[in-house]
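Trainee: What follows is input_24.cif; its format and atoms are mmCIF, C-alpha atoms.
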data_coords
#
loop_
_atom_site.group_PDB
_atom_site.id
_atom_site.type_symbol
_atom_site.label_atom_id
_atom_site.label_comp_id
_atom_site.auth_asym_id
_atom_site.auth_seq_id
_atom_site.Cartn_x
_atom_site.Cartn_y
_atom_site.Cartn_z
ATOM 1 C CA SER A 1 0.000 0.000 0.000
ATOM 2 C CA SER A 2 1.095 3.553 -0.481
ATOM 3 C CA GLY A 3 1.912 5.791 2.414
ATOM 4 C CA ILE A 4 4.537 5.926 5.085
ATOM 5 C CA ASN A 5 6.836 2.987 5.557
ATOM 6 C CA ALA A 6 6.251 0.525 8.371
ATOM 7 C CA GLU A 7 9.066 1.647 10.671
ATOM 8 C CA TYR A 8 8.163 5.320 10.500
ATOM 9 C CA GLY A 9 4.453 4.622 10.857
ATOM 10 C CA GLY A 10 4.972 2.392 13.876
ATOM 11 C CA VAL A 11 7.218 4.901 15.602
ATOM 12 C CA LEU A 12 4.895 7.794 14.813
ATOM 13 C CA LYS A 13 1.831 5.917 16.055
ATOM 14 C CA GLY A 14 3.605 4.905 19.259
ATOM 15 C CA ALA A 15 4.866 8.422 19.904
ATOM 16 C CA VAL A 16 1.450 9.994 19.305
ATOM 17 C CA ASP A 17 -0.265 7.367 21.479
ATOM 18 C CA GLY A 18 2.364 8.015 24.141
ATOM 19 C CA GLY A 19 1.326 11.662 24.333
ATOM 20 C CA LEU A 20 3.891 13.435 22.161
ATOM 21 C CA ASP A 21 2.547 16.287 20.079
ATOM 22 C CA ILE A 22 3.824 15.480 16.587
ATOM 23 C CA PRO A 23 2.187 17.107 13.565
ATOM 24 C CA HIS A 24 0.896 14.301 11.356
ATOM 25 C CA SER A 25 -2.060 13.197 9.324
ATOM 26 C CA SER A 26 -4.019 10.113 10.335
ATOM 27 C CA LYS A 27 -4.729 9.626 6.628
ATOM 28 C CA ARG A 28 -1.369 7.873 6.414
ATOM 29 C CA PHE A 29 -2.179 5.149 8.944
ATOM 30 C CA PRO A 30 -3.596 1.737 8.010
ATOM 31 C CA GLY A 31 -7.391 1.627 7.976
ATOM 32 C CA TYR A 32 -7.924 5.068 6.463
ATOM 33 C CA ASN A 33 -10.515 5.064 3.673
ATOM 34 C CA THR A 34 -9.947 7.846 1.142
ATOM 35 C CA GLU A 35 -13.455 7.548 -0.329
ATOM 36 C CA THR A 36 -15.346 8.030 2.935
ATOM 37 C CA ASP A 37 -12.580 10.130 4.529
ATOM 38 C CA GLU A 38 -12.803 8.035 7.708
ATOM 39 C CA ASN A 39 -10.369 6.065 9.819
ATOM 40 C CA ASN A 40 -11.274 2.443 10.542
ATOM 41 C CA ALA A 41 -9.958 1.836 14.065
ATOM 42 C CA ALA A 42 -10.603 -1.916 13.861
ATOM 43 C CA ALA A 43 -8.446 -2.233 10.724
ATOM 44 C CA HIS A 44 -5.707 -0.181 12.377
ATOM 45 C CA ARG A 45 -5.830 -2.340 15.501
ATOM 46 C CA ALA A 46 -5.739 -5.498 13.379
ATOM 47 C CA ARG A 47 -2.596 -4.236 11.685
ATOM 48 C CA ILE A 48 -0.935 -3.377 14.998
ATOM 49 C CA LEU A 49 -1.725 -6.826 16.405
ATOM 50 C CA GLY A 50 -0.340 -8.600 13.337
ATOM 51 C CA GLU A 51 -3.480 -10.054 11.775
ATOM 52 C CA HIS A 52 -1.927 -9.508 8.330
ATOM 53 C CA ILE A 53 1.027 -11.669 9.413
ATOM 54 C CA SER A 54 -1.300 -14.300 10.824
ATOM 55 C CA SER A 55 -3.344 -14.521 7.617
ATOM 56 C CA TYR A 56 -0.177 -14.698 5.492
ATOM 57 C CA MET A 57 1.156 -17.484 7.709
ATOM 58 C CA GLN A 58 -2.118 -19.394 7.343
ATOM 59 C CA THR A 59 -2.119 -18.920 3.556
ATOM 60 C CA LEU A 60 1.428 -20.250 3.251
ATOM 61 C CA LEU A 61 0.662 -23.100 5.633
ATOM 62 C CA ASP A 62 -2.308 -24.136 3.460
ATOM 63 C CA GLU A 63 -0.729 -23.603 0.039
ATOM 64 C CA ASP A 64 3.061 -23.989 0.230
ATOM 65 C CA GLU A 65 4.542 -25.845 3.206
ATOM 66 C CA ASP A 66 8.147 -25.326 2.011
ATOM 67 C CA ALA A 67 7.706 -21.551 1.693
ATOM 68 C CA TYR A 68 6.113 -21.497 5.160
ATOM 69 C CA LYS A 69 9.097 -23.341 6.632
ATOM 70 C CA ARG A 70 11.538 -20.922 4.991
ATOM 71 C CA GLN A 71 9.644 -17.734 5.817
ATOM 72 C CA PHE A 72 8.586 -18.578 9.374
ATOM 73 C CA ALA A 73 11.345 -20.947 10.555
ATOM 74 C CA THR A 74 11.934 -18.987 13.768
ATOM 75 C CA TYR A 75 8.225 -18.832 14.567
ATOM 76 C CA LYS A 76 7.978 -22.591 13.988
ATOM 77 C CA LYS A 77 11.023 -23.234 16.191
ATOM 78 C CA GLU A 78 9.409 -21.169 18.973
ATOM 79 C CA GLY A 79 6.122 -23.070 18.509
ATOM 80 C CA ILE A 80 4.170 -20.008 17.329
ATOM 81 C CA MET A 81 1.241 -20.812 15.073
ATOM 82 C CA PRO A 82 -0.871 -18.326 13.054
ATOM 83 C CA ASP A 83 -3.627 -18.170 15.683
ATOM 84 C CA MET A 84 -1.082 -17.209 18.387
ATOM 85 C CA ILE A 85 0.257 -14.027 16.718
ATOM 86 C CA GLU A 86 -2.279 -11.625 18.229
ATOM 87 C CA GLY A 87 -1.642 -12.986 21.725
ATOM 88 C CA MET A 88 2.095 -12.673 21.209
ATOM 89 C CA TYR A 89 1.780 -8.985 20.291
ATOM 90 C CA THR A 90 -0.686 -8.337 23.126
ATOM 91 C CA LYS A 91 1.744 -9.875 25.633
ATOM 92 C CA ALA A 92 4.610 -7.803 24.206
ATOM 93 C CA HIS A 93 2.578 -4.588 24.495
ATOM 94 C CA ALA A 94 1.629 -5.449 28.092
ATOM 95 C CA ALA A 95 5.271 -6.111 28.983
ATOM 96 C CA ILE A 96 6.325 -2.772 27.479
ATOM 97 C CA ARG A 97 3.615 -0.944 29.422
ATOM 98 C CA ALA A 98 4.680 -2.700 32.645
ATOM 99 C CA ASP A 99 8.341 -1.706 32.226
ATOM 100 C CA PRO A 100 9.041 0.664 29.321
ATOM 101 C CA SER A 101 12.734 1.094 30.162
ATOM 102 C CA PRO A 102 15.049 -0.431 27.569
ATOM 103 C CA ALA A 103 16.857 -3.665 28.380
ATOM 104 C CA ALA A 104 20.393 -3.260 29.698
ATOM 105 C CA LYS A 105 23.081 -3.632 27.079
ATOM 106 C CA LYS A 106 25.345 -6.641 27.351
ATOM 107 C CA GLU A 107 28.881 -6.019 28.524
ATOM 108 C CA LYS A 108 31.455 -6.445 25.798
ATOM 109 C CA PRO A 109 34.240 -8.926 26.576
ATOM 110 C CA GLU A 110 37.673 -7.650 27.559
ATOM 111 C CA GLY A 111 39.697 -6.662 24.504
ATOM 112 C CA TYR A 112 36.648 -6.564 22.201
ATOM 113 C CA LYS A 113 37.351 -4.772 18.953
ATOM 114 C CA PRO A 114 34.630 -4.331 16.346
ATOM 115 C CA LYS A 115 35.369 -5.660 12.887
ATOM 116 C CA SER A 116 36.823 -3.047 10.581
ATOM 117 C CA TYR A 117 36.474 -3.266 6.816
ATOM 118 C CA ARG A 118 38.933 -0.440 6.129
ATOM 119 C CA ARG A 119 42.215 -1.344 4.522
ATOM 120 C CA PRO A 120 45.191 -0.320 6.604
ATOM 121 C CA ARG A 121 47.039 2.718 5.327
ATOM 122 C CA MET A 122 49.962 1.821 3.044
ATOM 123 C CA SER A 123 53.275 3.605 2.881
ATOM 124 C CA ILE A 124 54.473 5.130 -0.397
ATOM 125 C CA GLN A 125 56.834 2.173 -0.963
ATOM 126 C CA GLN A 126 53.961 -0.282 -0.446
ATOM 127 C CA ARG A 127 51.729 1.610 -2.883
ATOM 128 C CA LYS A 128 54.455 1.745 -5.523
ATOM 129 C CA GLY A 129 55.150 -1.961 -5.035
ATOM 130 C CA ARG A 130 51.455 -2.760 -5.389
ATOM 131 C CA VAL A 131 51.205 -0.731 -8.600
ATOM 132 C CA ALA A 132 54.283 -2.502 -9.981
ATOM 133 C CA GLN A 133 52.697 -5.894 -9.192
ATOM 134 C CA GLN A 134 49.448 -4.920 -10.875
ATOM 135 C CA LYS A 135 51.318 -3.650 -13.962
ATOM 136 C CA ALA A 136 53.313 -6.877 -14.173
ATOM 137 C CA ALA A 137 50.160 -8.986 -13.838
ATOM 138 C CA PHE A 138 48.382 -6.940 -16.485
ATOM 139 C CA LEU A 139 51.315 -7.121 -18.919
ATOM 140 C CA ALA A 140 51.630 -10.876 -18.357
ATOM 141 C CA LEU A 141 48.029 -11.332 -19.472
ATOM 142 C CA HIS A 142 48.348 -9.203 -22.594
#
Do you think you could lay out the structure here as structure tokens?
Mentor:
Amino acid sequence: SSGINAEYGGVLKGAVDGGLDIPHSSKRFPGYNTETDENNAAAHRARILGEHISSYMQTLLDEDEDAYKRQFATYKKEGIMPDMIEGMYTKAHAAIRADPSPAAKKEKPEGYKPKSYRRPRMSIQQRKGRVAQQKAAFLALH
């Protein structure tokens, strides 16, 4: 569907529901009908509670077992079936309301160094040597 992307919409909806005054248009949320110019709260709630995921899971389960296993392998491993999605989201929302503080970050082990994809800086002699190698390889091929 057209409109705001899922991440932005979810964050905006949560912030507005949480009491922040953010200028926005409810026309962008799921459940808005452009013809009647009304918001369908039930459709919006269904989207928040993952009914679209549940119906997609059920469709794949009925039509293509292999695609279901690929797409929802983690759900299957956790024992979550299509009819359990709404309860899962409801429990998650209740847990967030009970304690909205973020989970503590894990301590990094001693000497932890994040992976770096940058090449180390080369000296002028190393660069000239590398160019000479590349020239020799190129000339050997031609």
Trainee: What does the structure give for the distance between atom CA of A:Phe72 and atom CA of A:Arg28, in Å to one decimal?
Mentor: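 It comes out at 28.4 Å.
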Trainee: Around the point (-6.1, -4.2, 8.3) in the file's coordinates, collect all residues with an atom within 7 Å, using only C-alpha atoms, and return them as a list in words.
Mentor: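 I get Pro30, Gly31, Ala43, His44, Ala46, Arg47 and His52 of chain A for the residues within 7 Å of that point.
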Trainee: Between atom CA of A:Arg45 and atom CA of A:Thr90, what is the distance in Å, rounded to a tenth?
Mentor: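 Atom CA of A:Arg45 sits 11.0 Å away from atom CA of A:Thr90.
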Trainee: Where does the PyMOL selection byres ((chain A and resi 27) around 12) land in this file, that is, which residues does it pick, as a PyMOL selection string?
Mentor: chain A and resi 2-4+9+24-26+28-41+44
Trainee: Just the selected residues (C-alpha atoms), exported as a CSV table (one decimal), in the coordinates of the input, please.
Mentor:
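See selection17.csv below for the written result:
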chain,number,residue,atom,x,y,z
A,2,SER,CA,1.1,3.6,-0.5
A,3,GLY,CA,1.9,5.8,2.4
A,4,ILE,CA,4.5,5.9,5.1
A,9,GLY,CA,4.5,4.6,10.9
A,24,HIS,CA,0.9,14.3,11.4
A,25,SER,CA,-2.1,13.2,9.3
A,26,SER,CA,-4.0,10.1,10.3
A,28,ARG,CA,-1.4,7.9,6.4
A,29,PHE,CA,-2.2,5.1,8.9
A,30,PRO,CA,-3.6,1.7,8.0
A,31,GLY,CA,-7.4,1.6,8.0
A,32,TYR,CA,-7.9,5.1,6.5
A,33,ASN,CA,-10.5,5.1,3.7
A,34,THR,CA,-9.9,7.8,1.1
A,35,GLU,CA,-13.5,7.5,-0.3
A,36,THR,CA,-15.3,8.0,2.9
A,37,ASP,CA,-12.6,10.1,4.5
A,38,GLU,CA,-12.8,8.0,7.7
A,39,ASN,CA,-10.4,6.1,9.8
A,40,ASN,CA,-11.3,2.4,10.5
A,41,ALA,CA,-10.0,1.8,14.1
A,44,HIS,CA,-5.7,-0.2,12.4
Trainee: For atom CA of A:Ser54 and atom CA of A:Ala94, determine how far apart the two atoms are, in Å to one decimal place.
Mentor: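 Computing it gives 19.6 Å between the two atoms.
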Trainee: Edge lengths and centre in Å to one decimal, as lines of an AutoDock Vina configuration file, of the axis-aligned box that encloses all listed atoms of stretch 87-96 of chain A with 6 Å added on every side?
Mentor:
center_x = 2.3
center_y = -7.9
center_z = 24.6
size_x = 20.0
size_y = 22.2
size_z = 20.7
